file structure00.txt (compact mmCIF, C-alpha atoms and all ligand atoms)
# COMPACT_ATOMS: atom_id res chain seq x y z
CA LEU A 1 4.60 -15.35 8.82
CA PHE A 2 0.95 -14.83 7.89
CA ALA A 3 -0.27 -17.82 9.89
CA ARG A 4 0.22 -15.80 13.08
CA PRO A 5 -1.72 -12.63 13.87
CA PHE A 6 -0.57 -9.10 13.14
CA VAL A 7 -1.25 -6.47 15.78
CA PHE A 8 -1.91 -2.75 15.56
CA VAL A 9 0.97 -0.93 17.27
CA LYS A 10 0.20 2.77 16.85
CA GLY A 11 -0.79 5.55 14.54
CA ALA A 12 2.03 8.02 13.85
CA VAL A 13 1.22 11.61 12.92
CA ARG A 14 4.85 12.73 13.14
CA ILE A 15 8.10 11.07 12.17
CA ALA A 16 9.09 11.29 15.84
CA ASP A 17 6.16 8.97 16.67
CA LEU A 18 7.56 6.12 14.56
CA PRO A 19 8.97 3.06 16.30
CA GLU A 20 12.72 2.40 16.29
CA MET A 21 14.17 1.11 13.04
CA ASP A 22 14.65 -2.36 14.48
CA ARG A 23 12.98 -4.54 11.85
CA VAL A 24 12.12 -4.85 8.19
CA GLU A 25 9.28 -2.61 7.07
CA ILE A 26 6.98 -2.72 4.11
CA ALA A 27 4.55 0.09 3.37
CA PHE A 28 1.27 0.26 1.48
CA ALA A 29 0.39 3.43 -0.40
CA GLY A 30 -2.51 4.34 -2.62
CA ARG A 31 -5.35 6.68 -3.35
CA SER A 32 -8.14 6.84 -0.86
CA ASN A 33 -10.66 4.06 -1.56
CA VAL A 34 -8.21 2.03 -3.66
CA GLY A 35 -8.80 -1.00 -1.43
CA LYS A 36 -5.71 -0.63 0.76
CA SER A 37 -7.31 -1.58 4.09
CA SER A 38 -9.06 -4.51 2.45
CA LEU A 39 -5.78 -5.75 1.00
CA ILE A 40 -3.89 -5.46 4.31
CA ASN A 41 -6.71 -7.29 6.06
CA ALA A 42 -6.76 -10.00 3.38
CA LEU A 43 -2.99 -10.47 3.71
CA ALA A 44 -3.21 -10.66 7.48
CA GLY A 45 -6.20 -12.99 7.24
CA THR A 46 -8.48 -10.79 9.33
CA SER A 47 -11.33 -8.46 8.61
CA ALA A 48 -10.48 -5.88 11.25
CA LEU A 49 -6.76 -5.07 11.36
CA ALA A 50 -6.72 -2.05 9.04
CA ARG A 51 -9.79 0.13 9.17
CA THR A 52 -11.41 1.18 5.97
CA SER A 53 -11.15 4.77 4.84
CA ASN A 54 -14.73 5.43 5.80
CA THR A 55 -13.72 5.15 9.44
CA PRO A 56 -12.66 8.52 10.82
CA GLY A 57 -9.50 8.67 12.92
CA ARG A 58 -6.74 6.40 11.82
CA THR A 59 -6.82 7.38 8.18
CA GLN A 60 -4.61 10.51 8.42
CA GLU A 61 -1.82 8.68 10.15
CA LEU A 62 0.88 6.20 9.36
CA ASN A 63 -0.70 3.13 10.90
CA ILE A 64 1.79 0.62 12.14
CA PHE A 65 1.17 -3.12 12.38
CA GLU A 66 3.60 -5.80 13.45
CA SER A 67 3.81 -9.53 12.98
CA THR A 68 3.68 -11.50 16.22
CA ASP A 69 5.74 -14.18 14.49
CA LYS A 70 8.59 -12.55 12.54
CA PRO A 71 10.42 -9.20 12.70
CA LEU A 72 8.20 -7.50 10.14
CA ARG A 73 6.36 -4.20 10.36
CA ILE A 74 3.60 -3.11 8.01
CA VAL A 75 3.08 0.61 7.53
CA ASP A 76 -0.31 1.66 6.21
CA MET A 77 0.16 5.09 4.65
CA PRO A 78 -2.64 7.67 4.60
CA GLY A 79 -4.73 7.39 1.46
CA TYR A 80 -4.02 10.27 -0.90
CA GLY A 81 -6.24 12.15 -3.28
CA PHE A 82 -9.41 12.54 -1.27
CA ALA A 83 -11.14 15.72 -2.33
CA LYS A 84 -12.61 17.11 0.84
CA ALA A 85 -9.59 17.39 3.14
CA PRO A 86 -8.54 20.95 4.03
CA LYS A 87 -5.29 22.10 2.42
CA ASP A 88 -3.29 22.38 5.64
CA LYS A 89 -4.14 18.75 6.43
CA VAL A 90 -3.18 17.61 2.96
CA ASP A 91 0.10 19.53 3.24
CA ALA A 92 0.83 18.00 6.64
CA TRP A 93 0.39 14.43 5.48
CA THR A 94 2.21 15.06 2.22
CA ARG A 95 5.21 16.15 4.31
CA LEU A 96 4.82 13.13 6.59
CA ILE A 97 4.67 10.70 3.66
CA HIS A 98 7.65 12.37 2.03
CA ALA A 99 9.71 12.29 5.23
CA TYR A 100 8.82 8.66 5.83
CA LEU A 101 9.47 7.44 2.30
CA THR A 102 12.79 9.23 1.94
CA GLY A 103 14.24 8.75 5.41
CA ARG A 104 13.51 5.24 6.56
CA ALA A 105 16.50 2.93 6.24
CA THR A 106 14.49 -0.15 7.24
CA LEU A 107 11.85 0.38 4.55
CA ARG A 108 12.39 -2.61 2.27
CA ARG A 109 9.56 -2.16 -0.20
CA VAL A 110 6.51 -0.01 -0.87
CA TYR A 111 3.43 -1.56 -2.40
CA VAL A 112 1.81 1.08 -4.58
CA LEU A 113 -1.84 0.16 -4.96
CA VAL A 114 -3.61 1.16 -8.15
CA ASP A 115 -7.32 0.71 -8.72
CA GLY A 116 -7.86 -2.02 -11.31
CA ARG A 117 -10.74 -0.09 -12.77
CA HIS A 118 -8.72 3.03 -13.56
CA GLY A 119 -5.03 2.24 -13.92
CA PRO A 120 -2.43 4.73 -12.64
CA LYS A 121 -3.72 8.25 -11.90
CA PRO A 122 -1.55 11.39 -11.64
CA HIS A 123 -1.26 11.00 -7.85
CA ASP A 124 0.00 7.42 -8.27
CA LEU A 125 2.64 8.60 -10.74
CA THR A 126 3.70 11.34 -8.32
CA VAL A 127 4.29 8.76 -5.60
CA MET A 128 6.23 6.56 -8.03
CA ASN A 129 8.35 9.57 -9.02
CA GLU A 130 9.12 10.26 -5.41
CA LEU A 131 10.06 6.63 -4.75
CA ASP A 132 12.26 6.53 -7.84
CA ARG A 133 14.02 9.70 -6.70
CA ALA A 134 14.55 8.27 -3.22
CA ALA A 135 15.67 4.92 -4.71
CA VAL A 136 13.08 3.03 -2.67
CA SER A 137 12.01 -0.31 -4.11
CA TYR A 138 8.34 -0.53 -4.94
CA GLN A 139 5.91 -2.91 -6.55
CA VAL A 140 2.65 -1.89 -8.18
CA VAL A 141 -0.45 -3.83 -7.17
CA LEU A 142 -3.73 -3.64 -9.08
CA THR A 143 -6.74 -3.93 -6.77
CA LYS A 144 -10.38 -5.00 -7.18
CA ALA A 145 -9.65 -7.25 -10.17
CA ASP A 146 -12.98 -9.02 -9.55
CA LYS A 147 -14.83 -5.87 -10.64
CA LEU A 148 -13.51 -6.12 -14.19
CA THR A 149 -14.16 -8.37 -17.15
CA ALA A 150 -11.13 -10.21 -18.49
CA ARG A 151 -10.98 -7.74 -21.34
CA GLU A 152 -11.12 -4.68 -19.11
CA LEU A 153 -8.49 -6.18 -16.86
CA ASP A 154 -6.17 -6.81 -19.82
CA HIS A 155 -6.59 -3.17 -20.79
CA THR A 156 -5.65 -1.85 -17.32
CA ILE A 157 -2.75 -4.28 -17.06
CA ALA A 158 -1.37 -3.02 -20.38
CA LEU A 159 -1.80 0.62 -19.31
CA THR A 160 -0.15 0.02 -15.96
CA LYS A 161 2.73 -1.99 -17.39
CA ALA A 162 3.38 0.78 -19.90
CA ALA A 163 3.49 3.36 -17.09
CA ILE A 164 5.93 1.18 -15.11
CA ALA A 165 8.11 0.51 -18.15
CA LYS A 166 8.70 4.26 -18.46
CA ARG A 167 10.25 4.42 -15.01
CA PRO A 168 13.99 5.03 -14.78
CA ALA A 169 14.64 1.89 -12.71
CA ALA A 170 13.49 -1.72 -12.93
CA HIS A 171 10.73 -2.81 -10.57
CA PRO A 172 9.26 -6.11 -9.44
CA GLU A 173 6.47 -7.46 -11.60
CA LEU A 174 2.95 -6.03 -11.38
CA VAL A 175 0.63 -8.05 -9.11
CA ILE A 176 -3.09 -8.40 -9.82
CA THR A 177 -5.26 -8.78 -6.73
CA SER A 178 -8.79 -9.10 -5.48
CA SER A 179 -9.19 -8.91 -1.73
CA GLN A 180 -12.72 -10.10 -2.15
CA LYS A 181 -11.93 -13.21 -4.20
CA GLY A 182 -8.44 -13.77 -2.82
CA ASP A 183 -6.63 -13.45 -6.16
CA GLY A 184 -2.97 -12.56 -5.78
CA ILE A 185 -3.03 -12.66 -1.98
CA GLN A 186 -0.96 -15.82 -1.58
CA LEU A 187 1.51 -14.55 -4.17
CA LEU A 188 1.97 -11.29 -2.23
CA ARG A 189 2.39 -13.17 1.03
CA THR A 190 5.11 -15.31 -0.51
CA GLU A 191 6.91 -12.24 -1.86
CA ILE A 192 6.71 -10.42 1.48
CA ALA A 193 8.03 -13.48 3.31
CA ALA A 194 10.92 -13.60 0.81
CA LEU A 195 11.80 -9.95 1.59
CA LEU A 196 12.44 -11.00 5.18
CA GLU A 197 14.96 -13.60 4.05
CA SER A 198 16.82 -11.35 1.63
P1 LIG A 201 -8.93 2.14 1.31
O1 LIG A 201 -9.58 3.48 1.42
O2 LIG A 201 -7.89 2.15 0.25
O3 LIG A 201 -8.45 1.55 2.58
O4 LIG A 201 -10.05 1.18 0.69
P2 LIG A 201 -10.99 0.09 1.38
O5 LIG A 201 -10.23 -1.15 1.67
O6 LIG A 201 -11.71 0.75 2.48
O7 LIG A 201 -11.97 -0.23 0.16
C1 LIG A 201 -12.74 0.77 -0.46
C2 LIG A 201 -14.00 0.13 -1.03
O8 LIG A 201 -13.65 -0.80 -2.06
C3 LIG A 201 -14.79 -0.66 0.00
O9 LIG A 201 -16.16 -0.46 -0.27
C4 LIG A 201 -14.39 -2.09 -0.25
O10 LIG A 201 -15.38 -3.02 0.10
C5 LIG A 201 -14.15 -2.10 -1.75
N1 LIG A 201 -13.12 -3.09 -2.11
C6 LIG A 201 -11.86 -3.18 -1.62
N2 LIG A 201 -11.21 -4.22 -2.17
C7 LIG A 201 -12.06 -4.81 -3.03
C8 LIG A 201 -11.96 -5.95 -3.92
O11 LIG A 201 -10.95 -6.65 -4.03
N3 LIG A 201 -13.07 -6.22 -4.65
C9 LIG A 201 -14.21 -5.47 -4.59
N4 LIG A 201 -15.24 -5.82 -5.37
N5 LIG A 201 -14.34 -4.42 -3.78
C10 LIG A 201 -13.28 -4.09 -3.00

call {"tool": "encode", "arguments": {"input": "structure00.txt", "output": "structure tokens", "more": "lines below"}}
Ligand code: GDP
result
Amino acid sequence: LFARPFVFVKGAVRIADLPEMDRVEIAFAGRSNVGKSSLINALAGTSALARTSNTPGRTQELNIFESTDKPLRIVDMPGYGFAKAPKDKVDAWTRLIHAYLTGRATLRRVYVLVDGRHGPKPHDLTVMNELDRAAVSYQVVLTKADKLTARELDHTIALTKAAIAKRPAAHPELVITSSQKGDGIQLLRTEIAALLES
């Protein structure tokens, strides 16, 4: 699956812009700057598939990528929690995210990215609440593990696990990643490939 390239299909600003529900989808969600683009690029084995949040344009949209090998679509959700966006914009993408997360039958799993340096923030918990309400499967992924000492990492892992344990439903195990060092990337690839088989 990940040995073949992924391609950018389109950016969707409205639900009507989304492609047909003809294949398995996984989505990546997280606060702006959490390392979402870096993680998608690391998974896909390229440095340029998902653009980083510093690039204007694509960041307010649902960016759609597809495997050229297997029937899998990756949906890169707009990063949430950036301070400077005008309210009407924030409202528009909040509605888009909500509509996507609650109405997409082919959405198999959401990867909720949480910054390894901070653990879950209120916005992350809001997204998890929404996913729990919509009964969408999700897995929490800690990013930027290389930025922490072993001790700091243990602390965030404990915090994050405690937040997940409070959820009403069971969820797949927390994954610890570093896009820079490659930690956790192969594990995530294996899990994503398994979703296609299930
Ligand atoms: P996005 O806004 O969530 O798409 O985040 P980006 O992927 O653009 O990353 C935000 C910043 O964090 C960039 O400066 C990245 O270089 C940095 N970053 C992302 N992932 C890692 C990582 O695994 N390790 C380290 N040290 N920095 C990272």

call {"tool": "closest_atom_pairs", "arguments": {"input": "structure00.txt", "of": "chain A", "to": "ligand LIG 201 (chain A)", "cutoff": "10 Å", "atoms": "all atoms listed in the file", "output": "JSON lines"}}
result
{"residue": "A:Phe28", "atom": "CA", "partner": "A:LIG201", "partner_atom": "O2", "distance": 9.4}
{"residue": "A:Ala29", "atom": "CA", "partner": "A:LIG201", "partner_atom": "O2", "distance": 8.4}
{"residue": "A:Gly30", "atom": "CA", "partner": "A:LIG201", "partner_atom": "O2", "distance": 6.5}
{"residue": "A:Arg31", "atom": "CA", "partner": "A:LIG201", "partner_atom": "O2", "distance": 6.3}
{"residue": "A:Ser32", "atom": "CA", "partner": "A:LIG201", "partner_atom": "O1", "distance": 4.3}
{"residue": "A:Asn33", "atom": "CA", "partner": "A:LIG201", "partner_atom": "O1", "distance": 3.2}
{"residue": "A:Val34", "atom": "CA", "partner": "A:LIG201", "partner_atom": "O2", "distance": 3.9}
{"residue": "A:Gly35", "atom": "CA", "partner": "A:LIG201", "partner_atom": "O4", "distance": 3.3}
{"residue": "A:Lys36", "atom": "CA", "partner": "A:LIG201", "partner_atom": "O2", "distance": 3.6}
{"residue": "A:Ser37", "atom": "CA", "partner": "A:LIG201", "partner_atom": "O3", "distance": 3.7}
{"residue": "A:Ser38", "atom": "CA", "partner": "A:LIG201", "partner_atom": "O5", "distance": 3.6}
{"residue": "A:Leu39", "atom": "CA", "partner": "A:LIG201", "partner_atom": "O5", "distance": 6.4}
{"residue": "A:Ile40", "atom": "CA", "partner": "A:LIG201", "partner_atom": "O5", "distance": 8.1}
{"residue": "A:Asn41", "atom": "CA", "partner": "A:LIG201", "partner_atom": "O5", "distance": 8.3}
{"residue": "A:Ala42", "atom": "CA", "partner": "A:LIG201", "partner_atom": "O11", "distance": 9.1}
{"residue": "A:Ala50", "atom": "CA", "partner": "A:LIG201", "partner_atom": "O3", "distance": 7.6}
{"residue": "A:Arg51", "atom": "CA", "partner": "A:LIG201", "partner_atom": "O3", "distance": 6.9}
{"residue": "A:Thr52", "atom": "CA", "partner": "A:LIG201", "partner_atom": "O6", "distance": 3.5}
{"residue": "A:Ser53", "atom": "CA", "partner": "A:LIG201", "partner_atom": "O1", "distance": 4.0}
{"residue": "A:Asn54", "atom": "CA", "partner": "A:LIG201", "partner_atom": "O6", "distance": 6.5}
{"residue": "A:Thr55", "atom": "CA", "partner": "A:LIG201", "partner_atom": "O6", "distance": 8.5}
{"residue": "A:Thr59", "atom": "CA", "partner": "A:LIG201", "partner_atom": "O3", "distance": 8.2}
{"residue": "A:Asp76", "atom": "CA", "partner": "A:LIG201", "partner_atom": "O3", "distance": 8.9}
{"residue": "A:Met77", "atom": "CA", "partner": "A:LIG201", "partner_atom": "O3", "distance": 9.5}
{"residue": "A:Pro78", "atom": "CA", "partner": "A:LIG201", "partner_atom": "O3", "distance": 8.7}
{"residue": "A:Gly79", "atom": "CA", "partner": "A:LIG201", "partner_atom": "O1", "distance": 6.2}
{"residue": "A:Tyr80", "atom": "CA", "partner": "A:LIG201", "partner_atom": "O2", "distance": 9.1}
{"residue": "A:Phe82", "atom": "CA", "partner": "A:LIG201", "partner_atom": "O1", "distance": 9.5}
{"residue": "A:Leu113", "atom": "CA", "partner": "A:LIG201", "partner_atom": "O2", "distance": 8.2}
{"residue": "A:Val114", "atom": "CA", "partner": "A:LIG201", "partner_atom": "O2", "distance": 9.5}
{"residue": "A:Asp115", "atom": "CA", "partner": "A:LIG201", "partner_atom": "N2", "distance": 9.1}
{"residue": "A:Gly116", "atom": "CA", "partner": "A:LIG201", "partner_atom": "O11", "distance": 9.2}
{"residue": "A:Leu142", "atom": "CA", "partner": "A:LIG201", "partner_atom": "O11", "distance": 9.3}
{"residue": "A:Thr143", "atom": "CA", "partner": "A:LIG201", "partner_atom": "O11", "distance": 5.7}
{"residue": "A:Lys144", "atom": "CA", "partner": "A:LIG201", "partner_atom": "O11", "distance": 3.6}
{"residue": "A:Ala145", "atom": "CA", "partner": "A:LIG201", "partner_atom": "O11", "distance": 6.3}
{"residue": "A:Asp146", "atom": "CA", "partner": "A:LIG201", "partner_atom": "N3", "distance": 5.6}
{"residue": "A:Lys147", "atom": "CA", "partner": "A:LIG201", "partner_atom": "N4", "distance": 5.3}
{"residue": "A:Leu148", "atom": "CA", "partner": "A:LIG201", "partner_atom": "N4", "distance": 9.0}
{"residue": "A:Ile176", "atom": "CA", "partner": "A:LIG201", "partner_atom": "O11", "distance": 9.9}
{"residue": "A:Thr177", "atom": "CA", "partner": "A:LIG201", "partner_atom": "O11", "distance": 6.6}
{"residue": "A:Ser178", "atom": "CA", "partner": "A:LIG201", "partner_atom": "O11", "distance": 3.6}
{"residue": "A:Ser179", "atom": "CA", "partner": "A:LIG201", "partner_atom": "O11", "distance": 3.7}
{"residue": "A:Gln180", "atom": "CA", "partner": "A:LIG201", "partner_atom": "O11", "distance": 4.3}
{"residue": "A:Lys181", "atom": "CA", "partner": "A:LIG201", "partner_atom": "O11", "distance": 6.6}
{"residue": "A:Gly182", "atom": "CA", "partner": "A:LIG201", "partner_atom": "O11", "distance": 7.6}
{"residue": "A:Asp183", "atom": "CA", "partner": "A:LIG201", "partner_atom": "O11", "distance": 8.3}

call {"tool": "write_last_selection", "arguments": {"input": "structure00.txt", "atoms": "C-alpha atoms", "output": "mmCIF file, keeping the file's coordinate frame"}}
result
data_model
loop_
_atom_site.group_PDB
_atom_site.id
_atom_site.type_symbol
_atom_site.label_atom_id
_atom_site.label_comp_id
_atom_site.auth_asym_id
_atom_site.auth_seq_id
_atom_site.Cartn_x
_atom_site.Cartn_y
_atom_site.Cartn_z
ATOM 1 C CA PHE A 28 1.270 0.260 1.480
ATOM 2 C CA ALA A 29 0.390 3.430 -0.400
ATOM 3 C CA GLY A 30 -2.510 4.340 -2.620
ATOM 4 C CA ARG A 31 -5.350 6.680 -3.350
ATOM 5 C CA SER A 32 -8.140 6.840 -0.860
ATOM 6 C CA ASN A 33 -10.660 4.060 -1.560
ATOM 7 C CA VAL A 34 -8.210 2.030 -3.660
ATOM 8 C CA GLY A 35 -8.800 -1.000 -1.430
ATOM 9 C CA LYS A 36 -5.710 -0.630 0.760
ATOM 10 C CA SER A 37 -7.310 -1.580 4.090
ATOM 11 C CA SER A 38 -9.060 -4.510 2.450
ATOM 12 C CA LEU A 39 -5.780 -5.750 1.000
ATOM 13 C CA ILE A 40 -3.890 -5.460 4.310
ATOM 14 C CA ASN A 41 -6.710 -7.290 6.060
ATOM 15 C CA ALA A 42 -6.760 -10.000 3.380
ATOM 16 C CA ALA A 50 -6.720 -2.050 9.040
ATOM 17 C CA ARG A 51 -9.790 0.130 9.170
ATOM 18 C CA THR A 52 -11.410 1.180 5.970
ATOM 19 C CA SER A 53 -11.150 4.770 4.840
ATOM 20 C CA ASN A 54 -14.730 5.430 5.800
ATOM 21 C CA THR A 55 -13.720 5.150 9.440
ATOM 22 C CA THR A 59 -6.820 7.380 8.180
ATOM 23 C CA ASP A 76 -0.310 1.660 6.210
ATOM 24 C CA MET A 77 0.160 5.090 4.650
ATOM 25 C CA PRO A 78 -2.640 7.670 4.600
ATOM 26 C CA GLY A 79 -4.730 7.390 1.460
ATOM 27 C CA TYR A 80 -4.020 10.270 -0.900
ATOM 28 C CA PHE A 82 -9.410 12.540 -1.270
ATOM 29 C CA LEU A 113 -1.840 0.160 -4.960
ATOM 30 C CA VAL A 114 -3.610 1.160 -8.150
ATOM 31 C CA ASP A 115 -7.320 0.710 -8.720
ATOM 32 C CA GLY A 116 -7.860 -2.020 -11.310
ATOM 33 C CA LEU A 142 -3.730 -3.640 -9.080
ATOM 34 C CA THR A 143 -6.740 -3.930 -6.770
ATOM 35 C CA LYS A 144 -10.380 -5.000 -7.180
ATOM 36 C CA ALA A 145 -9.650 -7.250 -10.170
ATOM 37 C CA ASP A 146 -12.980 -9.020 -9.550
ATOM 38 C CA LYS A 147 -14.830 -5.870 -10.640
ATOM 39 C CA LEU A 148 -13.510 -6.120 -14.190
ATOM 40 C CA ILE A 176 -3.090 -8.400 -9.820
ATOM 41 C CA THR A 177 -5.260 -8.780 -6.730
ATOM 42 C CA SER A 178 -8.790 -9.100 -5.480
ATOM 43 C CA SER A 179 -9.190 -8.910 -1.730
ATOM 44 C CA GLN A 180 -12.720 -10.100 -2.150
ATOM 45 C CA LYS A 181 -11.930 -13.210 -4.200
ATOM 46 C CA GLY A 182 -8.440 -13.770 -2.820
ATOM 47 C CA ASP A 183 -6.630 -13.450 -6.160
#

call {"tool": "closest_residue", "arguments": {"input": "structure00.txt", "among": "A:Asp124, A:Ala3, A:Arg14, A:Glu130", "to": "Leu101 in chain A", "atoms": "only C-alpha atoms"}}
result
A:Glu130

call {"tool": "closest_residue", "arguments": {"input": "structure00.txt", "among": "A:Val175, A:Met128, A:Ala44, A:Ala27", "to": "Val141 in chain A", "atoms": "only C-alpha atoms"}}
result
A:Val175

call {"tool": "closest_residue", "arguments": {"input": "structure00.txt", "among": "A:Ala85, A:Ile74, A:Ala169, A:Ala193", "to": "Lys10 in chain A", "atoms": "all atoms listed in the file"}}
result
A:Ile74

call {"tool": "closest_residue", "arguments": {"input": "structure00.txt", "among": "A:Leu131, A:Leu125, A:Leu1, A:Val140", "to": "Gly45 in chain A", "atoms": "all atoms listed in the file"}}
result
A:Leu1
